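Asker: File name work.txt; file contents compact mmCIF, C-alpha atoms; full text below.
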# COMPACT_ATOMS: atom_id res chain seq x y z
CA MET A 27 -30.59 8.26 -48.29
CA ASP A 28 -33.03 8.20 -51.19
CA PHE A 29 -33.55 4.51 -50.60
CA ILE A 30 -34.38 5.05 -46.91
CA THR A 31 -36.75 7.89 -47.76
CA GLN A 32 -38.52 5.72 -50.32
CA VAL A 33 -38.86 2.82 -47.88
CA LEU A 34 -40.35 5.09 -45.22
CA SER A 35 -42.74 6.72 -47.71
CA VAL A 36 -44.30 3.43 -48.81
CA ARG A 37 -44.79 2.07 -45.30
CA ASP A 38 -48.29 2.02 -43.93
CA LYS A 39 -48.99 5.00 -41.67
CA ASN A 40 -49.88 2.64 -38.85
CA SER A 41 -46.71 0.60 -39.33
CA ASP A 42 -44.37 1.62 -36.51
CA ILE A 43 -40.57 1.48 -36.66
CA ARG A 44 -38.75 -0.14 -33.76
CA PHE A 45 -35.19 0.86 -34.70
CA LEU A 46 -33.68 3.19 -37.31
CA CYS A 47 -29.93 3.71 -37.63
CA PHE A 48 -27.97 5.38 -40.41
CA ARG A 49 -24.51 6.85 -41.04
CA ALA A 50 -24.25 9.22 -43.98
CA ARG A 51 -23.20 12.55 -45.39
CA LEU A 52 -26.20 14.67 -46.32
CA SER A 53 -27.64 18.15 -46.15
CA PHE A 54 -29.45 19.54 -43.13
CA SER A 55 -32.75 19.73 -45.02
CA ARG A 56 -32.64 16.06 -45.98
CA LEU A 57 -31.64 15.11 -42.43
CA ASN A 58 -34.58 17.07 -41.06
CA SER A 59 -36.97 15.41 -43.52
CA LEU A 60 -35.73 11.92 -42.68
CA ILE A 61 -36.06 12.48 -38.90
CA ARG A 62 -39.61 13.82 -39.28
CA SER A 63 -40.57 10.81 -41.35
CA ALA A 64 -39.20 8.44 -38.71
CA ILE A 65 -41.10 10.25 -35.94
CA ARG A 66 -44.34 9.97 -37.96
CA HIS A 67 -43.82 6.19 -37.88
CA ASN A 68 -43.46 6.20 -34.08
CA VAL A 69 -39.81 5.18 -34.11
CA ARG A 70 -38.63 3.81 -30.75
CA GLU A 71 -34.85 3.93 -31.25
CA LEU A 72 -33.23 6.55 -33.48
CA ASP A 73 -29.45 6.44 -34.04
CA ILE A 74 -28.07 9.07 -36.45
CA ASP A 75 -24.43 9.85 -37.27
CA VAL A 76 -24.26 12.51 -39.99
CA ASP A 77 -21.07 13.96 -41.42
CA THR A 78 -21.57 17.73 -41.38
CA ALA A 79 -19.18 20.61 -40.83
CA VAL A 80 -19.26 22.06 -37.31
CA ASP A 81 -19.79 25.79 -37.74
CA ILE A 82 -21.36 28.09 -35.17
CA ASP A 83 -22.89 30.12 -38.00
CA ASP A 84 -24.16 27.14 -40.01
CA TYR A 85 -25.87 24.48 -37.96
CA PHE A 86 -28.74 22.03 -37.88
CA ASN A 87 -31.78 23.06 -35.81
CA PHE A 88 -32.93 20.21 -33.62
CA PRO A 89 -36.39 19.07 -34.88
CA ARG A 90 -39.05 19.86 -32.31
CA CYS A 91 -41.11 16.87 -33.42
CA VAL A 92 -38.46 14.69 -31.74
CA ILE A 93 -38.96 16.50 -28.43
CA GLY A 94 -42.68 15.82 -28.40
CA SER A 95 -42.49 12.18 -29.50
CA GLU A 96 -44.27 9.81 -27.13
CA SER A 97 -42.85 6.65 -28.74
CA LEU A 98 -39.13 7.53 -28.74
CA LYS A 99 -37.17 5.59 -26.08
CA VAL A 100 -33.59 5.89 -27.38
CA LEU A 101 -32.09 8.87 -29.23
CA LYS A 102 -28.46 9.03 -30.41
CA LEU A 103 -27.54 12.00 -32.56
CA LYS A 104 -24.10 13.02 -33.83
CA SER A 105 -24.01 16.10 -36.02
CA GLY A 106 -23.35 19.83 -35.78
CA PHE A 107 -26.68 21.00 -34.36
CA ARG A 108 -28.20 23.58 -32.05
CA LEU A 109 -30.82 22.80 -29.42
CA PRO A 110 -34.03 24.78 -28.91
CA PRO A 111 -34.57 26.77 -25.67
CA SER A 112 -34.43 24.82 -22.40
CA SER A 113 -38.09 25.62 -21.66
CA ILE A 114 -39.04 23.55 -24.71
CA MET A 115 -36.48 20.81 -24.04
CA ARG A 116 -37.60 20.27 -20.44
CA THR A 117 -41.27 19.82 -21.35
CA GLY A 118 -40.57 17.09 -23.91
CA PHE A 119 -38.94 13.68 -23.99
CA GLN A 120 -41.45 12.23 -21.54
CA SER A 121 -40.74 8.65 -22.69
CA LEU A 122 -37.00 8.92 -23.43
CA GLN A 123 -34.76 6.47 -21.55
CA THR A 124 -31.41 6.89 -23.37
CA LEU A 125 -30.01 10.13 -24.83
CA SER A 126 -26.66 10.55 -26.59
CA LEU A 127 -25.76 13.91 -28.11
CA SER A 128 -22.47 14.63 -29.88
CA LEU A 129 -21.23 17.78 -31.64
CA VAL A 130 -23.72 20.10 -29.92
CA ILE A 131 -23.42 23.87 -30.48
CA LEU A 132 -24.33 25.75 -27.30
CA TYR A 133 -22.78 29.17 -27.84
CA HIS A 134 -24.96 32.02 -26.51
CA GLN A 135 -27.45 29.56 -24.95
CA PRO A 136 -26.70 29.74 -21.20
CA SER A 137 -30.20 28.56 -20.25
CA LEU A 138 -29.44 25.08 -21.61
CA SER A 139 -26.97 24.50 -18.78
CA ASP A 140 -30.00 23.67 -16.61
CA MET A 141 -31.71 21.51 -19.21
CA PHE A 142 -31.24 18.26 -17.26
CA SER A 143 -32.87 19.41 -14.03
CA GLU A 144 -34.83 17.31 -11.55
CA SER A 145 -38.15 17.95 -13.33
CA SER A 146 -36.97 17.18 -16.88
CA PHE A 147 -36.54 13.86 -18.67
CA PRO A 148 -38.57 11.89 -16.08
CA LEU A 149 -37.64 8.42 -17.41
CA LEU A 150 -34.08 9.12 -18.59
CA ARG A 151 -31.66 6.45 -17.35
CA ASN A 152 -28.64 6.90 -19.67
CA LEU A 153 -27.13 10.25 -20.71
CA HIS A 154 -24.07 10.76 -22.93
CA LEU A 155 -22.84 14.22 -23.92
CA ASP A 156 -19.81 14.53 -26.17
CA MET A 157 -18.10 17.59 -27.68
CA CYS A 158 -20.58 20.21 -26.52
CA PHE A 159 -19.13 23.43 -27.95
CA GLY A 160 -19.72 26.51 -25.81
CA LEU A 161 -20.88 24.54 -22.76
CA LYS A 162 -19.54 26.38 -19.71
CA TYR A 163 -21.90 25.29 -16.94
CA LEU A 164 -23.93 22.13 -16.58
CA HIS A 165 -26.36 20.90 -13.96
CA VAL A 166 -27.49 17.27 -14.11
CA GLY A 167 -30.24 16.25 -11.72
CA CYS A 168 -32.54 13.88 -13.62
CA ARG A 169 -34.22 11.80 -10.94
CA ALA A 170 -34.15 8.46 -12.81
CA LEU A 171 -30.60 8.77 -14.24
CA GLU A 172 -28.35 5.76 -13.66
CA ASP A 173 -25.50 6.20 -16.19
CA LEU A 174 -23.83 9.52 -17.09
CA SER A 175 -21.02 10.09 -19.59
CA LEU A 176 -19.52 13.51 -20.32
CA GLU A 177 -16.59 13.78 -22.73
CA LYS A 178 -14.50 16.43 -24.52
CA CYS A 179 -16.31 19.46 -23.12
CA PHE A 180 -13.12 21.49 -22.98
CA GLN A 181 -14.76 24.84 -22.17
CA LEU A 182 -16.60 23.56 -19.10
CA GLN A 183 -16.10 25.73 -16.00
CA GLY A 184 -18.77 24.47 -13.62
CA LEU A 185 -20.35 21.03 -13.19
CA ASP A 186 -23.09 20.12 -10.72
CA ILE A 187 -24.19 16.47 -10.61
CA SER A 188 -26.90 15.67 -8.10
CA CYS A 189 -28.64 12.39 -8.95
CA ALA A 190 -30.07 10.10 -6.29
CA LYS A 191 -30.01 6.97 -8.49
CA LEU A 192 -26.80 7.48 -10.47
CA GLU A 193 -24.66 4.33 -10.43
CA ARG A 194 -22.08 4.90 -13.17
CA MET A 195 -20.32 8.14 -14.14
CA ARG A 196 -17.63 8.85 -16.71
CA VAL A 197 -16.16 12.34 -17.17
CA ALA A 198 -13.21 12.63 -19.56
CA SER A 199 -11.23 15.50 -21.13
CA CYS A 200 -13.37 18.23 -19.61
CA PHE A 201 -12.91 21.65 -17.95
CA ASP A 202 -11.01 24.70 -19.07
CA ALA A 203 -7.45 24.35 -17.76
CA TYR A 204 -6.84 28.10 -18.20
CA ASN A 205 -9.82 29.17 -16.10
CA ASP A 206 -9.15 30.07 -12.46
CA LYS A 207 -12.75 29.89 -11.24
CA SER A 208 -13.75 26.35 -12.19
CA TRP A 209 -15.71 24.15 -9.84
CA VAL A 210 -17.37 20.75 -9.54
CA ARG A 211 -20.02 19.46 -7.15
CA ILE A 212 -20.92 15.78 -6.98
CA ASN A 213 -23.74 14.38 -4.86
CA THR A 214 -24.44 10.82 -5.99
CA PRO A 215 -25.14 8.64 -2.93
CA LYS A 216 -25.56 5.41 -4.95
CA LEU A 217 -22.54 5.80 -7.24
CA GLN A 218 -20.77 2.49 -7.87
CA HIS A 219 -18.41 3.14 -10.79
CA LEU A 220 -16.50 6.39 -11.41
CA PHE A 221 -14.13 7.12 -14.30
CA TRP A 222 -12.60 10.61 -14.05
CA GLN A 223 -9.98 10.79 -16.79
CA TYR A 224 -7.74 13.57 -18.11
CA ASN A 225 -9.79 16.36 -16.57
CA ALA A 226 -8.22 19.67 -15.57
CA VAL A 227 -8.04 20.19 -11.81
CA THR A 228 -10.85 22.53 -10.78
CA ASP A 229 -10.42 25.34 -8.26
CA ILE A 230 -13.22 24.06 -6.04
CA THR A 231 -14.46 20.51 -5.49
CA ILE A 232 -17.35 19.39 -3.31
CA PHE A 233 -17.63 15.61 -3.43
CA GLU A 234 -20.09 13.81 -1.17
CA HIS A 235 -18.81 10.26 -0.79
CA SER A 236 -20.85 7.23 -1.80
CA ASN A 237 -21.04 4.22 0.48
CA PHE A 238 -21.64 2.03 -2.58
CA LEU A 239 -18.54 3.05 -4.57
CA HIS A 240 -17.01 -0.13 -5.97
CA GLU A 241 -14.38 1.13 -8.40
CA ALA A 242 -12.88 4.48 -9.31
CA SER A 243 -10.29 5.48 -11.89
CA VAL A 244 -8.85 8.99 -11.61
CA GLY A 245 -6.52 10.96 -13.83
CA PHE A 246 -5.96 14.71 -13.74
CA PHE A 247 -4.71 17.01 -16.48
CA ILE A 248 -2.15 19.65 -15.56
CA LEU A 249 -0.54 22.14 -17.89
CA LYS A 250 3.24 21.75 -17.95
CA GLU A 251 3.73 25.43 -17.18
CA ASP A 252 1.05 25.45 -14.49
CA ILE A 253 2.04 26.03 -10.87
CA ILE A 254 -0.76 24.41 -8.89
CA SER A 255 -2.38 26.89 -6.53
CA MET A 256 -3.29 26.04 -2.96
CA GLY A 257 -6.94 26.16 -3.97
CA LYS A 258 -6.45 23.52 -6.65
CA LEU A 259 -4.38 21.39 -4.28
CA GLN A 260 -7.22 21.49 -1.77
CA SER A 261 -9.67 20.74 -4.57
CA ALA A 262 -7.70 17.66 -5.65
CA ASN A 263 -7.52 16.58 -2.00
CA ASN A 264 -11.29 16.96 -1.65
CA PHE A 265 -11.83 14.89 -4.78
CA LEU A 266 -9.64 12.03 -3.54
CA SER A 267 -11.31 12.20 -0.14
CA GLY A 268 -14.66 11.71 -1.88
CA LEU A 269 -13.37 8.28 -2.95
CA SER A 270 -12.79 7.15 0.63
CA HIS A 271 -15.30 4.27 0.42
CA ALA A 272 -13.97 2.83 -2.85
CA ARG A 273 -13.16 -0.90 -3.00
CA SER A 274 -10.95 -0.61 -6.10
CA LEU A 275 -8.96 2.47 -7.10
CA THR A 276 -6.79 3.35 -10.11
CA LEU A 277 -4.71 6.53 -10.11
CA GLN A 278 -3.00 7.88 -13.22
CA SER A 279 0.45 9.46 -13.20
CA GLN A 280 -0.67 13.10 -12.80
CA ALA A 281 -2.53 12.25 -9.61
CA ILE A 282 0.63 10.59 -8.27
CA GLU A 283 2.64 13.70 -9.19
CA ILE A 284 0.25 15.93 -7.22
CA LEU A 285 0.51 13.69 -4.18
CA SER A 286 4.30 13.48 -4.50
CA ASN A 287 5.13 17.14 -4.88
CA ASN A 288 2.93 18.44 -2.07
CA ASN A 289 2.44 17.56 1.58
CA PHE A 290 -0.87 15.77 1.25
CA PHE A 291 -3.03 14.22 3.92
CA ILE A 292 -5.86 12.29 2.32
CA GLN A 293 -8.72 10.59 4.07
CA PRO A 294 -7.98 6.87 4.61
CA PHE A 295 -9.50 4.34 2.21
CA TYR A 296 -10.89 1.98 4.83
CA ASN A 297 -12.64 -0.27 2.28
CA LEU A 298 -9.91 -0.32 -0.36
CA LYS A 299 -8.86 -3.82 -1.45
CA SER A 300 -7.22 -3.17 -4.83
CA LEU A 301 -4.96 -0.22 -5.73
CA GLU A 302 -3.51 0.32 -9.21
CA LEU A 303 -0.96 3.10 -9.69
CA HIS A 304 0.43 4.39 -13.00
CA THR A 305 3.69 6.17 -12.28
CA GLY A 306 7.03 7.15 -13.75
CA PHE A 307 8.45 5.94 -10.42
CA ASN A 308 11.15 8.58 -10.23
CA LYS A 309 12.65 9.62 -6.92
CA SER A 310 10.08 12.37 -6.33
CA ASN A 311 7.20 9.85 -6.50
CA ILE A 312 8.27 7.90 -3.43
CA GLN A 313 6.55 10.20 -0.93
CA GLY A 314 3.34 10.07 -2.94
CA LEU A 315 3.40 6.27 -2.96
CA ALA A 316 4.04 6.18 0.78
CA CYS A 317 1.11 8.55 1.34
CA LEU A 318 -1.21 6.19 -0.57
CA PHE A 319 0.11 3.11 1.27
CA ARG A 320 -0.52 4.80 4.64
CA SER A 321 -4.05 5.61 3.53
CA SER A 322 -4.80 1.99 2.50
CA PRO A 323 -4.76 0.08 5.79
CA ILE A 324 -6.52 -3.11 4.57
CA LEU A 325 -5.20 -3.27 1.00
CA HIS A 326 -5.11 -6.76 -0.52
CA THR A 327 -3.69 -6.16 -4.03
CA LEU A 328 -1.17 -3.55 -5.18
CA ILE A 329 -0.56 -3.09 -8.93
CA LEU A 330 2.21 -0.78 -10.12
CA LYS A 331 2.38 0.10 -13.81
CA ILE A 332 5.65 1.91 -14.45
CA ILE A 333 5.64 4.46 -17.27
CA ASN A 334 8.92 4.41 -19.16
CA ASP A 335 9.51 8.10 -19.81
CA TYR A 336 12.88 8.32 -21.50
CA LYS A 337 13.26 11.92 -20.32
CA THR A 338 13.28 10.76 -16.70
CA GLU A 339 16.72 10.25 -15.24
CA ARG A 340 16.97 6.82 -13.61
CA LYS A 341 19.58 5.14 -11.49
CA GLN A 342 20.11 1.49 -12.33
CA TRP A 343 20.40 -1.02 -9.50
CA ASN A 344 24.03 -2.07 -9.33
CA ARG A 345 24.81 -3.34 -5.86
CA ASP A 346 26.56 -6.47 -4.73
CA LEU A 347 24.91 -8.97 -2.41
CA TRP A 348 27.45 -8.35 0.34
CA ASP A 349 26.98 -4.57 0.25
CA MET A 350 25.21 -3.92 3.57
CA THR A 351 25.05 -0.11 3.37
CA SER A 352 21.58 1.45 3.06
CA THR A 353 20.65 3.81 0.27
CA GLU A 354 18.63 6.97 0.87
CA GLU A 355 15.51 5.26 -0.52
CA GLU A 356 15.96 2.22 1.74
CA GLN A 357 16.35 4.44 4.77
CA TYR A 358 13.18 6.32 3.84
CA TRP A 359 11.06 3.18 3.50
CA GLU A 360 12.42 1.78 6.76
CA SER A 361 11.44 5.03 8.50
CA GLN A 362 7.85 4.54 7.29
CA ILE A 363 7.35 1.13 8.93
CA PRO A 364 5.39 2.40 11.99
CA SER A 365 2.86 4.29 9.82
CA LEU A 366 2.63 1.38 7.33
CA LYS A 367 2.02 -1.32 9.95
CA SER A 368 -1.58 -2.11 8.96
CA PHE A 369 -0.77 -1.88 5.24
CA LEU A 370 2.08 -4.40 5.61
CA GLN A 371 -0.09 -6.75 7.70
CA HIS A 372 -2.82 -6.99 5.05
CA LEU A 373 -1.04 -6.78 1.67
CA LYS A 374 -1.15 -10.17 -0.10
CA VAL A 375 -0.54 -9.58 -3.83
CA VAL A 376 1.94 -7.25 -5.52
CA LYS A 377 2.19 -6.91 -9.31
CA ILE A 378 4.83 -4.68 -10.90
CA HIS A 379 4.53 -4.12 -14.66
CA GLY A 380 7.23 -2.39 -16.72
CA PHE A 381 10.02 -3.19 -14.27
CA LEU A 382 13.13 -1.26 -15.37
CA ASP A 383 15.77 -2.65 -12.95
CA CYS A 384 16.09 0.78 -11.35
CA GLU A 385 16.97 1.50 -7.76
CA ASN A 386 13.56 2.87 -6.72
CA GLU A 387 11.70 -0.21 -7.98
CA VAL A 388 14.13 -2.77 -6.55
CA THR A 389 14.19 -0.99 -3.19
CA LEU A 390 10.39 -1.03 -2.87
CA ALA A 391 10.11 -4.68 -3.97
CA LYS A 392 12.72 -5.73 -1.39
CA PHE A 393 11.02 -3.63 1.29
CA LEU A 394 7.65 -5.28 0.69
CA LEU A 395 9.23 -8.75 0.79
CA LYS A 396 11.14 -7.93 3.93
CA HIS A 397 8.16 -6.49 5.86
CA GLY A 398 4.98 -7.78 4.15
CA LYS A 399 3.81 -10.28 6.75
CA ALA A 400 0.76 -11.44 4.77
CA LEU A 401 2.39 -11.40 1.34
CA GLU A 402 1.54 -14.41 -0.82
CA GLU A 403 2.49 -13.39 -4.36
CA MET A 404 4.83 -10.90 -6.03
CA MET A 405 4.85 -10.82 -9.82
CA ILE A 406 7.50 -8.71 -11.58
CA SER A 407 7.09 -8.11 -15.30
CA CYS A 408 10.17 -6.58 -16.91
CA ALA A 409 9.88 -3.91 -19.58
CA GLY A 410 10.75 -4.60 -23.22
CA GLN A 411 13.61 -6.55 -24.70
CA CYS A 412 16.91 -6.83 -22.88
CA ASN A 413 20.51 -7.45 -23.95
CA ALA A 414 23.05 -9.72 -22.29
CA ARG A 415 24.03 -7.01 -19.82
CA ASP A 416 20.40 -6.43 -18.80
CA THR A 417 19.87 -10.17 -18.39
CA LEU A 418 22.90 -10.43 -16.10
CA ARG A 419 21.66 -7.51 -13.97
CA ARG A 420 18.20 -9.02 -13.64
CA GLN A 421 19.65 -12.33 -12.58
CA LYS A 422 21.66 -10.45 -9.98
CA ILE A 423 18.53 -8.65 -8.72
CA ARG A 424 16.63 -11.93 -8.55
CA SER A 425 19.41 -13.55 -6.56
CA GLN A 426 19.45 -10.67 -4.10
CA MET A 427 15.67 -10.87 -3.62
CA MET A 428 15.91 -14.57 -2.93
CA GLY A 429 18.94 -14.14 -0.71
CA PHE A 430 17.46 -12.47 2.38
CA SER A 431 14.80 -13.43 4.90
CA TRP A 432 11.19 -12.59 3.95
CA ALA A 433 8.52 -11.63 6.44
CA SER A 434 6.05 -14.13 4.97
CA SER A 435 6.90 -17.80 4.63
CA ASN A 436 4.06 -18.16 2.09
CA ALA A 437 5.39 -15.55 -0.34
CA LYS A 438 6.24 -16.52 -3.90
CA VAL A 439 8.11 -14.32 -6.38
CA GLU A 440 7.68 -14.70 -10.13
CA PHE A 441 9.71 -12.87 -12.79
CA GLN A 442 8.27 -12.52 -16.28
Show me the file's structure as structure tokens.
Answerer:
Amino acid sequence: MDFITQVLSVRDKNSDIRFLCFRARLSFSRLNSLIRSAIRHNVRELDIDVDTAVDIDDYFNFPRCVIGSESLKVLKLKSGFRLPPSSIMRTGFQSLQTLSLSLVILYHQPSLSDMFSESSFPLLRNLHLDMCFGLKYLHVGCRALEDLSLEKCFQLQGLDISCAKLERMRVASCFDAYNDKSWVRINTPKLQHLFWQYNAVTDITIFEHSNFLHEASVGFFILKEDIISMGKLQSANNFLSGLSHARSLTLQSQAIEILSNNNFFIQPFYNLKSLELHTGFNKSNIQGLACLFRSSPILHTLILKIINDYKTERKQWNRDLWDMTSTEEEQYWESQIPSLKSFLQHLKVVKIHGFLDCENEVTLAKFLLKHGKALEEMMISCAGQCNARDTLRRQKIRSQMMGFSWASSNAKVEFQ
């Protein structure tokens, strides 16, 4: 740090700095001095990652000279610090285009929840907030914002995102799972990419769909001991319905569990071409999968990634070719044919990763081959290493799949 300070001190006062980045462990006073020196040299991009202890009683006060800088375009700051009042924050940063704040202390500062309102940060296009301690409510409405990332804000109870130009949004590991009055409101008409990962299910969700939504990846967090209330079920339903115009959708296992264990009716995904599902694929998941298939009438590609949870009881496929009796799972899928008519007429590619030779997986694969009229490709990737007994069973399964009439003469099956 002494070297950087010396370099900055000998520079001509009219010699501007385009980019300054440093990673270090230093005191708050030295950090403050270094930032002020950079601002005096009209720094355009400032990237600081300082190793300091996060303590609500011992923190770094955000330098106000940064707020008033007219040259600063990019600011990335990671350290235990406290922001000044929102009235000061909103009047500054008139030239800032990218802002990344990590390890922010917001206890006893409720006014900062409205810091990113429509009138503040007029040129801000990229916003990243990470580990904001004490943040319970947040409104984001910056009129020029295009990319928003919000991560590890575990105490969040209310989130309001209303940005006319927002195209990309990532929210991960947020919301207080123990709070029973949480809510989220999303109004982003130009949203194209959404990543909603490992967030607790809120009690209320208002999600205005975007006609431009290209891809969405959704994963909920549910406490093991939590019995999902009707309000949270409706909230999860509202969230999924807000994705109705998505072209590509990925759902993590917890979302599948919610769909499987409750009688869900979700709004059809009329534009959906690619669906990726992460699931333990136990018996209880079958209804959830069927619900998603019914809601995907023009689906082109289905990707199943099977999670091998050793605690899940599984029934291995062990039937002979000449056994013509139908299992309970086969009877269920056959009963769904009328409601899956459009899905089966459009599906062309099926990829199953982590295939475990279990009854549920084999039954679905055979069903799709038997009734998928447009099917062109089915790729089955088996999980892990297998012994001689596993190899024999897989050969038996392969023979059975090849041994009956398929709905599509163009279908090809590949085992990996």
Asker: Mind listing as a list in words all residues within 9 Å of (-23.9, 30.0, -29.7), counting only C-alpha atoms?
Answerer: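 All residues meeting the 9 Å criterion around (-23.9, 30.0, -29.7) are Ile82, Asp83, Arg108, Ile131, Leu132, Tyr133, His134, Gln135, Pro136, Phe159 and Gly160 of chain A.
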Asker: Take the residues from that selection and write them out as a PDB file, in the coordinates of the input, keeping C-alpha atoms.
Answerer:
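Contents of part32.pdb, freshly written:
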ATOM      1  CA  ILE A  82     -21.360  28.090 -35.170  1.00  0.00           C
ATOM      2  CA  ASP A  83     -22.890  30.120 -38.000  1.00  0.00           C
ATOM      3  CA  ARG A 108     -28.200  23.580 -32.050  1.00  0.00           C
ATOM      4  CA  ILE A 131     -23.420  23.870 -30.480  1.00  0.00           C
ATOM      5  CA  LEU A 132     -24.330  25.750 -27.300  1.00  0.00           C
ATOM      6  CA  TYR A 133     -22.780  29.170 -27.840  1.00  0.00           C
ATOM      7  CA  HIS A 134     -24.960  32.020 -26.510  1.00  0.00           C
ATOM      8  CA  GLN A 135     -27.450  29.560 -24.950  1.00  0.00           C
ATOM      9  CA  PRO A 136     -26.700  29.740 -21.200  1.00  0.00           C
ATOM     10  CA  PHE A 159     -19.130  23.430 -27.950  1.00  0.00           C
ATOM     11  CA  GLY A 160     -19.720  26.510 -25.810  1.00  0.00           C
TER      12      GLY A 160
END
Asker: What is the distance, in Å and to one decimal place, between atom CA of A:Leu101 and atom CA of A:Leu217?
Answerer: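 Interatomic distance here is 24.2 Å.
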Asker: Counting all atoms listed in the file, what is within 9 Å of A:Ile114, bar same-chain residues fewer than 3 positions away, as a list in words?
Answerer: Arg90, Ile93, Pro110, Pro111, Thr117 and Gly118 of chain A
Asker: What separation in Å, quoted to one decimal, exists between atom CA of A:Asn213 and atom CA of A:Leu174?
Answerer: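 Atom CA of A:Leu174 lies 13.2 Å from atom CA of A:Asn213.
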Asker: Please report the interatomic distance between atom CA of A:Gln278 and atom CA of A:Ala190 in Å with one decimal.
Answerer: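 Result for atom CA of A:Gln278 versus atom CA of A:Ala190: 28.0 Å, one decimal.
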Asker: List as a list in words the residues having at least one atom at most 12 Å from position (-20.3, 18.8, -4.3) as given in the file, counting only C-alpha atoms.
Answerer: His165, Gly184, Leu185, Asp186, Ile187, Ser188, Cys189, Trp209, Val210, Arg211, Ile212, Asn213, Thr214, Pro215, Ile230, Thr231, Ile232, Phe233, Glu234, His235, Ser236, Ser261, Asn264, Phe265, Ser267 and Gly268 of chain A
Asker: List the neighbours of A:Leu72 out to 9 Å using all atoms listed in the file; skip same-chain residues closer than 2 positions along the sequence, and give me the result as a ChimeraX atom specification.
Answerer: /A:44-48,61,64,69-70,74,98-103
Asker: When you count all atoms listed in the file, which of these residues is closest to A:Lys367: A:Ala262, A:Ile65, A:Leu394, A:Ile406?
Answerer: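 The shortest atom-to-atom distance to A:Lys367 comes from A:Leu394.
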Asker: So, counting all atoms listed in the file, which residue among A:Val375, A:Leu370, A:Val244, A:Val166 is closest to A:Glu144?
Answerer: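 Nearest candidate to A:Glu144 out of A:Val375, A:Leu370, A:Val244, A:Val166: A:Val166.
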Asker: So that I can check the surroundings of A:Arg196, please list as a PDB file with C-alpha atoms, in the coordinates of the input every protein, DNA and RNA residue that reaches within 10 Å of it, counting all atoms listed in the file and ignoring chain neighbours fewer than 3 positions away.
Answerer:
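Writing done, so here's part_3.pdb:
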ATOM      1  CA  HIS A 154     -24.070  10.760 -22.930  1.00  0.00           C
ATOM      2  CA  ASP A 173     -25.500   6.200 -16.190  1.00  0.00           C
ATOM      3  CA  LEU A 174     -23.830   9.520 -17.090  1.00  0.00           C
ATOM      4  CA  SER A 175     -21.020  10.090 -19.590  1.00  0.00           C
ATOM      5  CA  LEU A 176     -19.520  13.510 -20.320  1.00  0.00           C
ATOM      6  CA  GLU A 177     -16.590  13.780 -22.730  1.00  0.00           C
ATOM      7  CA  HIS A 219     -18.410   3.140 -10.790  1.00  0.00           C
ATOM      8  CA  LEU A 220     -16.500   6.390 -11.410  1.00  0.00           C
ATOM      9  CA  PHE A 221     -14.130   7.120 -14.300  1.00  0.00           C
ATOM     10  CA  TRP A 222     -12.600  10.610 -14.050  1.00  0.00           C
ATOM     11  CA  GLN A 223      -9.980  10.790 -16.790  1.00  0.00           C
ATOM     12  CA  ALA A 242     -12.880   4.480  -9.310  1.00  0.00           C
ATOM     13  CA  SER A 243     -10.290   5.480 -11.890  1.00  0.00           C
TER      14      SER A 243
END
Asker: For A:Ala391, which residue out of A:Ser97, A:Ser270, A:Ser361, A:Ile329 is the nearest one, using only C-alpha atoms?
Answerer: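 Under the stated criterion, the closest residue is A:Ile329.
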